[in-house]
Structure formats: structure tokens, C-alpha cells
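S.K.: Shown below is the structure under consideration.
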Amino acid sequence: MDIAPPSATDGFINSPAELLRELQLDPALPELDAARRREFPLHVPRSFVRRMRCGDPRDPLFLQVWPAAAEAMETAGFSLDAVGELGQREAGGVIRKYHGRALIVTTGACAVNCRYCFRRHFPYAQSAADGHDWHTTLDTLAADPSISEAILSGGDPLSLSNARLAALVHGLDAIPHLKRLRIHTRVPVVQPSRVDAGCIGWLTGGRLQRIVVVHANHANEIDADVAAACQRLRGTGALLLNQSVLLRGVNDSATALATLSYRLCEVGILPYYLHMLDRVQGAAHFEVQELEATRLMKELVAELPGYLVPRLVREISGRLAKTRVQWSD
Ligand SMILES: *Cc1c(COP(=O)(O)O)cnc(C)c1O
Ligand code: SF4
């Protein structure tokens with residue numbers, strides 16, 4: 001697989017002991033057992049670690065990446081395939097679940113392992129489109145004129161090299177019925193240096209309208225480097241949106257969510273979705289109950305201009321779209 005090389009300044013931390021040392025945290029902080037950790041290791045860019053507060057085991061960025069002992073808890077109703085995606089993959093890593101849109105699982109790799117993610121249980125090696133050329137992927141999309149939008153997802157598409165992404169985008173550009181190219185990526189937030197000249201190169205020009213959906217959960221994730229990466233992305237003419245996951249201990253207060261929306265606005269991103277947690281085994285300690293979530297939304301609506309209020313949604317397998325979580329006033 002052709003993976004983008006990390007930039008010289010950037011590297012990753014993969015050792016729990018090193019992360020604790022770096023943040024001056026108690027080396028005895030309870031962590032997930034080694035066997036379970038091997039299945040979904042600690043993996044975080046150093047630039048993201050630099051945005052964490054030293055000496056605070058409840059830092060909202062730290063909690064998203066720390067393999068906590070609580071992940072070993074077995075919780076009823078939490079499964080290995082919470083969003084019902086296994087078995088929906090077609091050849092070339094394509095998932096056609098919603099009208100007019102095709103999602104492409106371009107790779108299984110991510111720049112960060114988010115502990116709440118459903119990806120922790122996925123046998124991606126067998127179903128991602130990487131490891132071979134894009135012909136099967138492009139053929140699947142070319143054969144279906146009902147598709148007007150291609151969504152690059154993963155894993156994280158920006159884990160791939162610019163050369164591979166340029167080849168894919170070039171191929172998509174040549175499919176006449178496609179109108180939009182959407183890229184779902186957490187990289188501009190967790191590893192902004194990856195939004196390099198080559199990346200801006202394949203994002204610029206081309207026939208398709210471009211939409212980049214980033215993923216930030218807390219305002220502290222957006223520092224000056226991230227703001228600069230967003231500015232480079234906007235310079236390509238791409239529309240920037242954000243999706244977040246509502247996470248206990250991370251962003252489960254109206255203040256945290258409103259501060260995030262304002263910060264996104266400052267760097268030229270509009271909030272899109274606020275996802276209820278996918279109920280995957282190992283992530284139960286992050287769950288915010290629906291009653292609590294709707295209470296937060298009422299507070300947000302009262303605080304924010306309408307365009308800064310994200311849509312609260314839940315992924316329910318078999319539905320024709322993401323399901324809006326509704327509330328009464
Ligand atoms: C979430 C998702 C999409 C995109 O849905 P939007 O509501 O358009 O953002 C497309 N395909 C799949 C398989 C998805 O899970
Ligand atoms: S797919 Fe997104 S949420 Fe999941 S681990 Fe990768 S970057 Fe994190």
C-alpha cells in the first residue's frame with residue numbers, strides 16, 4: 001500500500017508509556033490490556049499531542065486517543081458492526097447505501113486511532129480499495145448513472161499518497177454523471193502538515209465541485225496550524241464542513257459544543273453533523289444518552305446562530321439516510 005510519508009516534524013506516538021511521559025501523567029494510569037491494545041493500538045500524531053494539556057488525565061483530546069481500561073467492558077447492545085456496514089461493501093471498496101451517493105473505502109489506515117470509532121473492529125484489509133489500482137472502483141461508479149457524488153472515506157483517504165489520490169480524483173473527474181467529490185478526513189485536524197502542496201495540487205481545478213468534511217470534536221483541536229491548513233483547503237474552492245461525535249467527557253456540554261462551533265466558524269468551517277455514538281463494543285463509556293443529547297441541543301439552539309447548529313443524527317442500519325434525532329420544545 002502506498003502511504004503518505006510523515007513529514008519531518010510530525011511523527012506519531014504509538015507507546016502508551018511515551019504518551020504519559022510526554023504529558024507528565026501518572027505512569028500507572030489504568031490502561032487497556034496489551035492483547036486488546038494490539039487489535040486497535042494507540043496511534044496519535046505528535047502535533048495533536050502538543051495540543052493536549054499537560055498533567056490533565058481528563059483533557060478532551062487525550063481522552064479521544066487513550067486506550068482506557070474501560071474499553072474491556074462488555075456492554076449489552078454494543079456490537080462489532082454497529083452501523084451494519086460489513087457485507088455492504090462491493091468490489092473496489094464501494095458502499096452504495098444512500099441515493100445519489102457512493103462512498104469509497106479508500107484505505108483502512110488513519111492518522112489517529114480514535115477510541116470511539118466503529119473502525120476498531122473492521123477487517124479493512126479485505127475490503128478497502130487500496131493495494132491495487134482504482135479500476136474496479138471507477139468501473140463500479142461509471143456503471144451507475146444514478147450516482148452524482150463520490151465520497152472518499154476510509155479509514156482516512158489522506159493516509160494515502162498524493163500520487164494515488166491524484167490518480168483516483170483524475171479517474172472520477174472523467175465519469176460524466178459525477179458532479180461532486182466529497183472527502184471525509186480527520187487529517188487536516190490531527191495532522192495539518194499533511195495538507196501539503198501536493199494535496200492542494202490534486203484538490204485544485206478539475207470539473208467536480210469539492211466538499212471537504214473534516215472531523216473535530218473539541219475547540220482545542222483547532223490551533224494555528226489547523227487554521228492554516230483550513231485556509232489552504234479553502235483556497236482550492238472547496239466547501240468545508242465539520243462532523244463531530246457527541247462524546248461523554250469530551251464535548252458533552254453546551255459550552256463545549258458552542259465553543260467548537262464558534263471556533264469552526266473562525267477558520268471557515270460550518271458544522272454539519274453531530275453524531276450520536278455508534279454502539280460499538282469497547283466505546284460504551286463514551287455514550288451520551290439521547291435525553292441528555294436533546295437537552296444539549298435545546299441549549300445550543302438558544303445560544304447559536306442557526307448556521308452554527310449541527311444536525312444531531314444517529315446512524316441506523318437499513319435507513320435511507322442518517323436519522324435526525326428530534327426533540328420537542
Ligand atoms: C454517512 C454516509 C454517507 C453520506 O451521508 P450524508 O447524509 O450525505 O452525509 C454516504 N454513504 C454512506 C455509506 C454513509 O455511511
Ligand atoms: S475513521 Fe475517523 S474517527 Fe475513526 S479512527 Fe479514523 S480518523 Fe478516527
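Going through the C-alpha cells in order, the chains are called A, B, and so on, while each chain numbers its residues from 1 and the ligands are numbered from 1 in the order shown.
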With 10 Å as the cut-off and only C-alpha atoms counted, what is the closest atom pair between each nearby residue of region 52-150 of chain A and region 178-181 of chain A? Distances in Å to one decimal, ordered by chain and number, as a tab-separated table.

M.R.:
```
residue	atom	partner	partner_atom	distance
A:Gly100	CA	A:Leu178	CA	9.4
A:Arg101	CA	A:Arg180	CA	9.3
A:Leu141	CA	A:Leu178	CA	8.6
A:Ala142	CA	A:Leu178	CA	8.6
A:Asp144	CA	A:Leu178	CA	9.9
A:Pro145	CA	A:Leu178	CA	8.1
A:Ser146	CA	A:Leu178	CA	9.0
A:Ile147	CA	A:Leu178	CA	6.4
A:Ser148	CA	A:Leu178	CA	4.2
A:Glu149	CA	A:Arg180	CA	4.6
A:Ala150	CA	A:Leu181	CA	5.1
```

S.K.: Kindly save the residues from that selection, with N, CA, C and O atoms included, as a PDB file, in the first residue's frame.

M.R.:
```
ATOM      1  N   GLY A 100     -27.953   8.539  -4.765  1.00  0.00           N
ATOM      2  CA  GLY A 100     -27.112   9.505  -5.470  1.00  0.00           C
ATOM      3  C   GLY A 100     -25.678   9.592  -4.984  1.00  0.00           C
ATOM      4  O   GLY A 100     -24.877  10.310  -5.568  1.00  0.00           O
ATOM      5  N   ARG A 101     -25.367   8.881  -3.888  1.00  0.00           N
ATOM      6  CA  ARG A 101     -24.021   8.983  -3.313  1.00  0.00           C
ATOM      7  C   ARG A 101     -23.367   7.606  -3.223  1.00  0.00           C
ATOM      8  O   ARG A 101     -24.030   6.633  -2.851  1.00  0.00           O
ATOM      9  N   LEU A 141     -18.522   2.894 -10.282  1.00  0.00           N
ATOM     10  CA  LEU A 141     -19.171   4.207 -10.316  1.00  0.00           C
ATOM     11  C   LEU A 141     -19.589   4.598 -11.737  1.00  0.00           C
ATOM     12  O   LEU A 141     -20.668   5.160 -11.938  1.00  0.00           O
ATOM     13  N   ALA A 142     -18.762   4.263 -12.698  1.00  0.00           N
ATOM     14  CA  ALA A 142     -19.067   4.621 -14.086  1.00  0.00           C
ATOM     15  C   ALA A 142     -20.309   3.885 -14.582  1.00  0.00           C
ATOM     16  O   ALA A 142     -21.056   4.389 -15.417  1.00  0.00           O
ATOM     17  N   ASP A 144     -22.997   3.223 -12.913  1.00  0.00           N
ATOM     18  CA  ASP A 144     -24.229   3.596 -12.217  1.00  0.00           C
ATOM     19  C   ASP A 144     -24.535   5.090 -12.381  1.00  0.00           C
ATOM     20  O   ASP A 144     -24.070   5.922 -11.603  1.00  0.00           O
ATOM     21  N   PRO A 145     -25.331   5.437 -13.387  1.00  0.00           N
ATOM     22  CA  PRO A 145     -25.598   6.856 -13.674  1.00  0.00           C
ATOM     23  C   PRO A 145     -26.431   7.547 -12.601  1.00  0.00           C
ATOM     24  O   PRO A 145     -26.577   8.778 -12.623  1.00  0.00           O
ATOM     25  N   SER A 146     -26.974   6.792 -11.621  1.00  0.00           N
ATOM     26  CA  SER A 146     -27.745   7.443 -10.551  1.00  0.00           C
ATOM     27  C   SER A 146     -26.820   8.142  -9.546  1.00  0.00           C
ATOM     28  O   SER A 146     -27.280   8.889  -8.697  1.00  0.00           O
ATOM     29  N   ILE A 147     -25.522   7.898  -9.648  1.00  0.00           N
ATOM     30  CA  ILE A 147     -24.591   8.481  -8.665  1.00  0.00           C
ATOM     31  C   ILE A 147     -24.058   9.822  -9.137  1.00  0.00           C
ATOM     32  O   ILE A 147     -23.464   9.931 -10.204  1.00  0.00           O
ATOM     33  N   SER A 148     -24.293  10.879  -8.351  1.00  0.00           N
ATOM     34  CA  SER A 148     -23.774  12.199  -8.703  1.00  0.00           C
ATOM     35  C   SER A 148     -22.674  12.653  -7.755  1.00  0.00           C
ATOM     36  O   SER A 148     -22.016  13.651  -7.996  1.00  0.00           O
ATOM     37  N   GLU A 149     -22.469  11.912  -6.673  1.00  0.00           N
ATOM     38  CA  GLU A 149     -21.458  12.318  -5.687  1.00  0.00           C
ATOM     39  C   GLU A 149     -20.623  11.125  -5.250  1.00  0.00           C
ATOM     40  O   GLU A 149     -21.160  10.103  -4.818  1.00  0.00           O
ATOM     41  N   ALA A 150     -19.299  11.289  -5.346  1.00  0.00           N
ATOM     42  CA  ALA A 150     -18.375  10.267  -4.836  1.00  0.00           C
ATOM     43  C   ALA A 150     -17.812  10.761  -3.523  1.00  0.00           C
ATOM     44  O   ALA A 150     -17.372  11.909  -3.416  1.00  0.00           O
TER      45      ALA A 150
END
```

S.K.: Can I get the residues close to ligand 2 as a short mmCIF file (atom, residue, chain, number, x, y, z; two decimals) with all heavy atoms, in the first residue's frame, where close means within 8 Å and we count only C-alpha atoms and all ligand atoms?

M.R.:
```
data_model
loop_
_atom_site.label_atom_id
_atom_site.label_comp_id
_atom_site.auth_asym_id
_atom_site.auth_seq_id
_atom_site.Cartn_x
_atom_site.Cartn_y
_atom_site.Cartn_z
N ALA A 109 -6.28 2.75 6.73
CA ALA A 109 -5.36 3.47 7.62
C ALA A 109 -5.92 4.82 8.02
O ALA A 109 -6.65 5.46 7.27
CB ALA A 109 -4.01 3.64 6.93
N CYS A 110 -5.57 5.27 9.22
CA CYS A 110 -5.91 6.61 9.71
C CYS A 110 -4.67 7.22 10.33
O CYS A 110 -3.77 6.52 10.77
CB CYS A 110 -7.00 6.54 10.78
SG CYS A 110 -8.64 6.20 10.15
N ALA A 111 -4.65 8.54 10.42
CA ALA A 111 -3.54 9.23 11.07
C ALA A 111 -3.64 9.12 12.59
O ALA A 111 -2.67 9.34 13.30
CB ALA A 111 -3.53 10.70 10.66
N VAL A 112 -4.84 8.79 13.07
CA VAL A 112 -5.06 8.70 14.51
C VAL A 112 -6.03 7.54 14.74
O VAL A 112 -6.87 7.26 13.89
CB VAL A 112 -5.65 10.03 15.05
CG1 VAL A 112 -7.00 10.33 14.41
CG2 VAL A 112 -5.80 10.02 16.57
N ASN A 113 -5.88 6.84 15.85
CA ASN A 113 -6.89 5.85 16.22
C ASN A 113 -7.79 6.45 17.29
O ASN A 113 -7.38 6.61 18.44
CB ASN A 113 -6.22 4.56 16.72
CG ASN A 113 -5.71 3.71 15.57
OD1 ASN A 113 -6.09 3.91 14.41
ND2 ASN A 113 -4.85 2.75 15.89
N CYS A 114 -9.01 6.80 16.90
CA CYS A 114 -9.98 7.38 17.83
C CYS A 114 -10.67 6.22 18.55
O CYS A 114 -11.23 5.34 17.90
CB CYS A 114 -11.00 8.22 17.08
SG CYS A 114 -10.22 9.41 15.97
N ARG A 115 -10.63 6.26 19.87
CA ARG A 115 -11.05 5.08 20.63
C ARG A 115 -12.53 4.78 20.48
O ARG A 115 -12.98 3.66 20.73
CB ARG A 115 -10.72 5.25 22.12
CG ARG A 115 -9.28 5.61 22.44
CD ARG A 115 -8.24 4.76 21.76
NE ARG A 115 -8.32 3.33 22.04
CZ ARG A 115 -7.47 2.43 21.56
NH1 ARG A 115 -6.46 2.80 20.79
NH2 ARG A 115 -7.64 1.15 21.84
N TYR A 116 -13.34 5.78 20.09
CA TYR A 116 -14.80 5.59 19.99
C TYR A 116 -15.22 5.08 18.64
O TYR A 116 -16.41 4.88 18.38
CB TYR A 116 -15.51 6.93 20.26
CG TYR A 116 -14.95 8.06 19.41
CD1 TYR A 116 -15.38 8.26 18.11
CD2 TYR A 116 -13.94 8.88 19.92
CE1 TYR A 116 -14.83 9.27 17.33
CE2 TYR A 116 -13.39 9.89 19.15
CZ TYR A 116 -13.84 10.07 17.85
OH TYR A 116 -13.28 11.06 17.08
N CYS A 117 -14.26 4.87 17.74
CA CYS A 117 -14.61 4.64 16.33
C CYS A 117 -15.04 3.21 16.05
O CYS A 117 -14.45 2.26 16.55
CB CYS A 117 -13.40 4.98 15.46
SG CYS A 117 -13.74 4.80 13.70
N PHE A 118 -16.06 3.06 15.18
CA PHE A 118 -16.53 1.72 14.79
C PHE A 118 -15.46 0.97 14.00
O PHE A 118 -15.48 -0.24 13.89
CB PHE A 118 -17.84 1.80 13.98
CG PHE A 118 -17.72 2.48 12.64
CD1 PHE A 118 -17.30 1.77 11.53
CD2 PHE A 118 -18.01 3.83 12.50
CE1 PHE A 118 -17.18 2.38 10.29
CE2 PHE A 118 -17.89 4.46 11.27
CZ PHE A 118 -17.47 3.72 10.16
N ARG A 119 -14.50 1.73 13.46
CA ARG A 119 -13.45 1.13 12.66
C ARG A 119 -12.58 0.15 13.46
O ARG A 119 -11.92 -0.71 12.87
CB ARG A 119 -12.59 2.28 12.13
CG ARG A 119 -11.36 1.89 11.40
CD ARG A 119 -10.66 3.13 10.88
NE ARG A 119 -9.27 2.86 10.62
CZ ARG A 119 -8.31 3.00 11.53
NH1 ARG A 119 -8.59 3.46 12.73
NH2 ARG A 119 -7.07 2.71 11.21
N ARG A 120 -12.63 0.25 14.78
CA ARG A 120 -11.76 -0.61 15.59
C ARG A 120 -12.00 -2.09 15.37
O ARG A 120 -11.14 -2.91 15.65
CB ARG A 120 -11.90 -0.26 17.08
CG ARG A 120 -13.30 -0.42 17.62
CD ARG A 120 -13.40 0.06 19.06
NE ARG A 120 -12.47 -0.63 19.92
CZ ARG A 120 -11.84 -0.10 20.97
NH1 ARG A 120 -12.09 1.14 21.29
NH2 ARG A 120 -11.01 -0.79 21.69
N SER A 153 -13.72 8.01 1.66
CA SER A 153 -13.73 7.79 3.09
C SER A 153 -12.73 6.70 3.42
O SER A 153 -11.85 6.39 2.62
CB SER A 153 -15.17 7.42 3.51
OG SER A 153 -15.25 7.26 4.91
N GLY A 154 -12.85 6.11 4.60
CA GLY A 154 -11.88 5.08 4.98
C GLY A 154 -12.33 4.40 6.25
O GLY A 154 -13.53 4.18 6.41
N GLY A 155 -11.40 4.31 7.14
CA GLY A 155 -10.07 4.91 7.27
C GLY A 155 -10.05 6.39 6.87
O GLY A 155 -11.06 7.06 6.94
N ASP A 156 -8.88 6.87 6.56
CA ASP A 156 -8.75 8.26 6.17
C ASP A 156 -8.07 8.35 4.81
O ASP A 156 -6.92 7.95 4.66
CB ASP A 156 -7.94 9.03 7.21
CG ASP A 156 -8.18 10.53 7.11
OD1 ASP A 156 -8.02 11.08 5.99
OD2 ASP A 156 -8.55 11.16 8.12
N THR A 185 -12.32 13.43 6.04
CA THR A 185 -10.98 13.25 6.59
C THR A 185 -10.79 13.95 7.93
O THR A 185 -11.25 15.07 8.12
CB THR A 185 -9.91 13.75 5.59
OG1 THR A 185 -8.62 13.70 6.23
CG2 THR A 185 -10.17 15.18 5.13
N ARG A 186 -10.10 13.29 8.83
CA ARG A 186 -9.74 13.91 10.12
C ARG A 186 -8.32 14.47 10.05
O ARG A 186 -7.87 15.14 10.98
CB ARG A 186 -9.87 12.84 11.22
CG ARG A 186 -9.73 13.34 12.65
CD ARG A 186 -10.61 12.55 13.58
NE ARG A 186 -10.30 12.56 14.99
CZ ARG A 186 -10.44 13.61 15.81
NH1 ARG A 186 -10.82 14.79 15.34
NH2 ARG A 186 -10.18 13.48 17.09
N VAL A 187 -7.61 14.23 8.96
CA VAL A 187 -6.21 14.64 8.85
C VAL A 187 -5.97 16.15 8.97
O VAL A 187 -5.04 16.56 9.67
CB VAL A 187 -5.58 14.06 7.55
CG1 VAL A 187 -4.36 14.85 7.12
CG2 VAL A 187 -5.22 12.60 7.78
N HIS A 215 -13.23 16.50 10.73
CA HIS A 215 -13.79 15.88 11.93
C HIS A 215 -13.04 16.42 13.14
O HIS A 215 -11.92 16.01 13.42
CB HIS A 215 -13.65 14.35 11.80
CG HIS A 215 -14.04 13.56 13.02
ND1 HIS A 215 -14.04 12.19 13.03
CD2 HIS A 215 -14.42 13.94 14.25
CE1 HIS A 215 -14.41 11.77 14.24
NE2 HIS A 215 -14.63 12.81 14.99
#
```

S.K.: Could you write out, as a count of residues only, all the residues of region 49-285 of chain A that DSSP marks as helix (DSSP H, G or I)?

M.R.: 87

S.K.: Determine which residues of region 81-180 of chain A DSSP labels as strand (DSSP E or B) from the backbone of this structure, then write them out as a count of residues only.

M.R.: 15

S.K.: Residues near Lys97 (chain A), anyone? I mean within 12 Å using only C-alpha atoms, not counting same-chain ones fewer than 5 positions away, as a PDB file with N, CA, C and O atoms, in the first residue's frame.

M.R.:
```pdb
ATOM      1  N   VAL A  83     -22.922  -0.199  12.622  1.00  0.00           N
ATOM      2  CA  VAL A  83     -23.591   0.549  11.569  1.00  0.00           C
ATOM      3  C   VAL A  83     -23.978  -0.352  10.390  1.00  0.00           C
ATOM      4  O   VAL A  83     -24.423   0.129   9.358  1.00  0.00           O
ATOM      5  N   GLY A  84     -23.807  -1.661  10.561  1.00  0.00           N
ATOM      6  CA  GLY A  84     -24.252  -2.602   9.539  1.00  0.00           C
ATOM      7  C   GLY A  84     -23.557  -2.435   8.214  1.00  0.00           C
ATOM      8  O   GLY A  84     -24.159  -2.550   7.158  1.00  0.00           O
ATOM      9  N   GLU A  85     -22.256  -2.158   8.265  1.00  0.00           N
ATOM     10  CA  GLU A  85     -21.533  -1.938   7.008  1.00  0.00           C
ATOM     11  C   GLU A  85     -20.883  -3.200   6.468  1.00  0.00           C
ATOM     12  O   GLU A  85     -20.670  -3.328   5.283  1.00  0.00           O
ATOM     13  N   GLY A  87     -20.449  -6.535   4.876  1.00  0.00           N
ATOM     14  CA  GLY A  87     -21.361  -7.206   3.969  1.00  0.00           C
ATOM     15  C   GLY A  87     -21.991  -6.267   2.964  1.00  0.00           C
ATOM     16  O   GLY A  87     -22.638  -6.693   2.017  1.00  0.00           O
ATOM     17  N   GLN A  88     -21.822  -4.939   3.150  1.00  0.00           N
ATOM     18  CA  GLN A  88     -22.388  -3.992   2.179  1.00  0.00           C
ATOM     19  C   GLN A  88     -21.348  -3.533   1.174  1.00  0.00           C
ATOM     20  O   GLN A  88     -21.662  -2.827   0.225  1.00  0.00           O
ATOM     21  N   ARG A  89     -20.099  -3.909   1.416  1.00  0.00           N
ATOM     22  CA  ARG A  89     -19.025  -3.498   0.526  1.00  0.00           C
ATOM     23  C   ARG A  89     -19.108  -4.232  -0.793  1.00  0.00           C
ATOM     24  O   ARG A  89     -19.236  -5.440  -0.829  1.00  0.00           O
ATOM     25  N   GLU A  90     -18.966  -3.448  -1.848  1.00  0.00           N
ATOM     26  CA  GLU A  90     -18.865  -4.069  -3.160  1.00  0.00           C
ATOM     27  C   GLU A  90     -17.402  -4.074  -3.564  1.00  0.00           C
ATOM     28  O   GLU A  90     -16.553  -3.522  -2.880  1.00  0.00           O
ATOM     29  N   ALA A 102     -22.089   7.557  -3.568  1.00  0.00           N
ATOM     30  CA  ALA A 102     -21.331   6.315  -3.385  1.00  0.00           C
ATOM     31  C   ALA A 102     -20.141   6.620  -2.497  1.00  0.00           C
ATOM     32  O   ALA A 102     -19.394   7.563  -2.753  1.00  0.00           O
ATOM     33  N   LEU A 103     -20.012   5.835  -1.431  1.00  0.00           N
ATOM     34  CA  LEU A 103     -18.887   6.026  -0.519  1.00  0.00           C
ATOM     35  C   LEU A 103     -17.785   5.034  -0.896  1.00  0.00           C
ATOM     36  O   LEU A 103     -18.059   3.860  -1.134  1.00  0.00           O
ATOM     37  N   ILE A 104     -16.564   5.531  -0.992  1.00  0.00           N
ATOM     38  CA  ILE A 104     -15.433   4.671  -1.346  1.00  0.00           C
ATOM     39  C   ILE A 104     -14.531   4.504  -0.128  1.00  0.00           C
ATOM     40  O   ILE A 104     -13.995   5.485   0.400  1.00  0.00           O
ATOM     41  N   ILE A 147     -25.522   7.898  -9.648  1.00  0.00           N
ATOM     42  CA  ILE A 147     -24.591   8.481  -8.665  1.00  0.00           C
ATOM     43  C   ILE A 147     -24.058   9.822  -9.137  1.00  0.00           C
ATOM     44  O   ILE A 147     -23.464   9.931 -10.204  1.00  0.00           O
ATOM     45  N   ILE A 151     -17.854   9.903  -2.506  1.00  0.00           N
ATOM     46  CA  ILE A 151     -17.363  10.277  -1.176  1.00  0.00           C
ATOM     47  C   ILE A 151     -16.136   9.429  -0.851  1.00  0.00           C
ATOM     48  O   ILE A 151     -16.228   8.205  -0.741  1.00  0.00           O
ATOM     49  N   GLU A 315     -26.852   6.942  13.207  1.00  0.00           N
ATOM     50  CA  GLU A 315     -26.772   6.009  12.084  1.00  0.00           C
ATOM     51  C   GLU A 315     -27.563   4.754  12.455  1.00  0.00           C
ATOM     52  O   GLU A 315     -27.263   4.095  13.440  1.00  0.00           O
ATOM     53  N   ILE A 316     -28.619   4.482  11.692  1.00  0.00           N
ATOM     54  CA  ILE A 316     -29.402   3.271  11.948  1.00  0.00           C
ATOM     55  C   ILE A 316     -29.350   2.437  10.681  1.00  0.00           C
ATOM     56  O   ILE A 316     -29.731   2.919   9.608  1.00  0.00           O
ATOM     57  N   SER A 317     -28.845   1.210  10.787  1.00  0.00           N
ATOM     58  CA  SER A 317     -28.634   0.446   9.563  1.00  0.00           C
ATOM     59  C   SER A 317     -29.966   0.140   8.894  1.00  0.00           C
ATOM     60  O   SER A 317     -30.986  -0.060   9.550  1.00  0.00           O
ATOM     61  N   GLY A 318     -29.967   0.185   7.575  1.00  0.00           N
ATOM     62  CA  GLY A 318     -31.174  -0.092   6.814  1.00  0.00           C
ATOM     63  C   GLY A 318     -31.969   1.157   6.452  1.00  0.00           C
ATOM     64  O   GLY A 318     -32.840   1.106   5.591  1.00  0.00           O
ATOM     65  N   ARG A 319     -31.671   2.307   7.082  1.00  0.00           N
ATOM     66  CA  ARG A 319     -32.388   3.547   6.750  1.00  0.00           C
ATOM     67  C   ARG A 319     -31.849   4.163   5.450  1.00  0.00           C
ATOM     68  O   ARG A 319     -30.730   3.887   5.055  1.00  0.00           O
ATOM     69  N   LEU A 320     -32.640   5.044   4.846  1.00  0.00           N
ATOM     70  CA  LEU A 320     -32.267   5.669   3.575  1.00  0.00           C
ATOM     71  C   LEU A 320     -31.382   6.889   3.756  1.00  0.00           C
ATOM     72  O   LEU A 320     -30.892   7.467   2.789  1.00  0.00           O
ATOM     73  N   ALA A 321     -31.212   7.324   4.989  1.00  0.00           N
ATOM     74  CA  ALA A 321     -30.358   8.475   5.290  1.00  0.00           C
ATOM     75  C   ALA A 321     -29.977   8.389   6.762  1.00  0.00           C
ATOM     76  O   ALA A 321     -30.523   7.567   7.508  1.00  0.00           O
ATOM     77  N   LYS A 322     -29.075   9.251   7.183  1.00  0.00           N
ATOM     78  CA  LYS A 322     -28.799   9.367   8.608  1.00  0.00           C
ATOM     79  C   LYS A 322     -30.109   9.820   9.274  1.00  0.00           C
ATOM     80  O   LYS A 322     -30.844  10.637   8.722  1.00  0.00           O
TER      81      LYS A 322
END
```

S.K.: Please report the interatomic distance between CA of Ala229 (chain A) and CA of His43 (chain A) in Å with one decimal.

M.R.: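 So the two atoms, CA of Ala229 (chain A) and CA of His43 (chain A), lie 21.3 Å apart.
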
S.K.: Using only C-alpha atoms, can you tell me which of A:Val195, A:Ala28, A:Val213, A:Val94 comes closest to Ala69 (chain A)?

M.R.: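 For Ala69 (chain A), the nearest of the given residues is A:Ala28.
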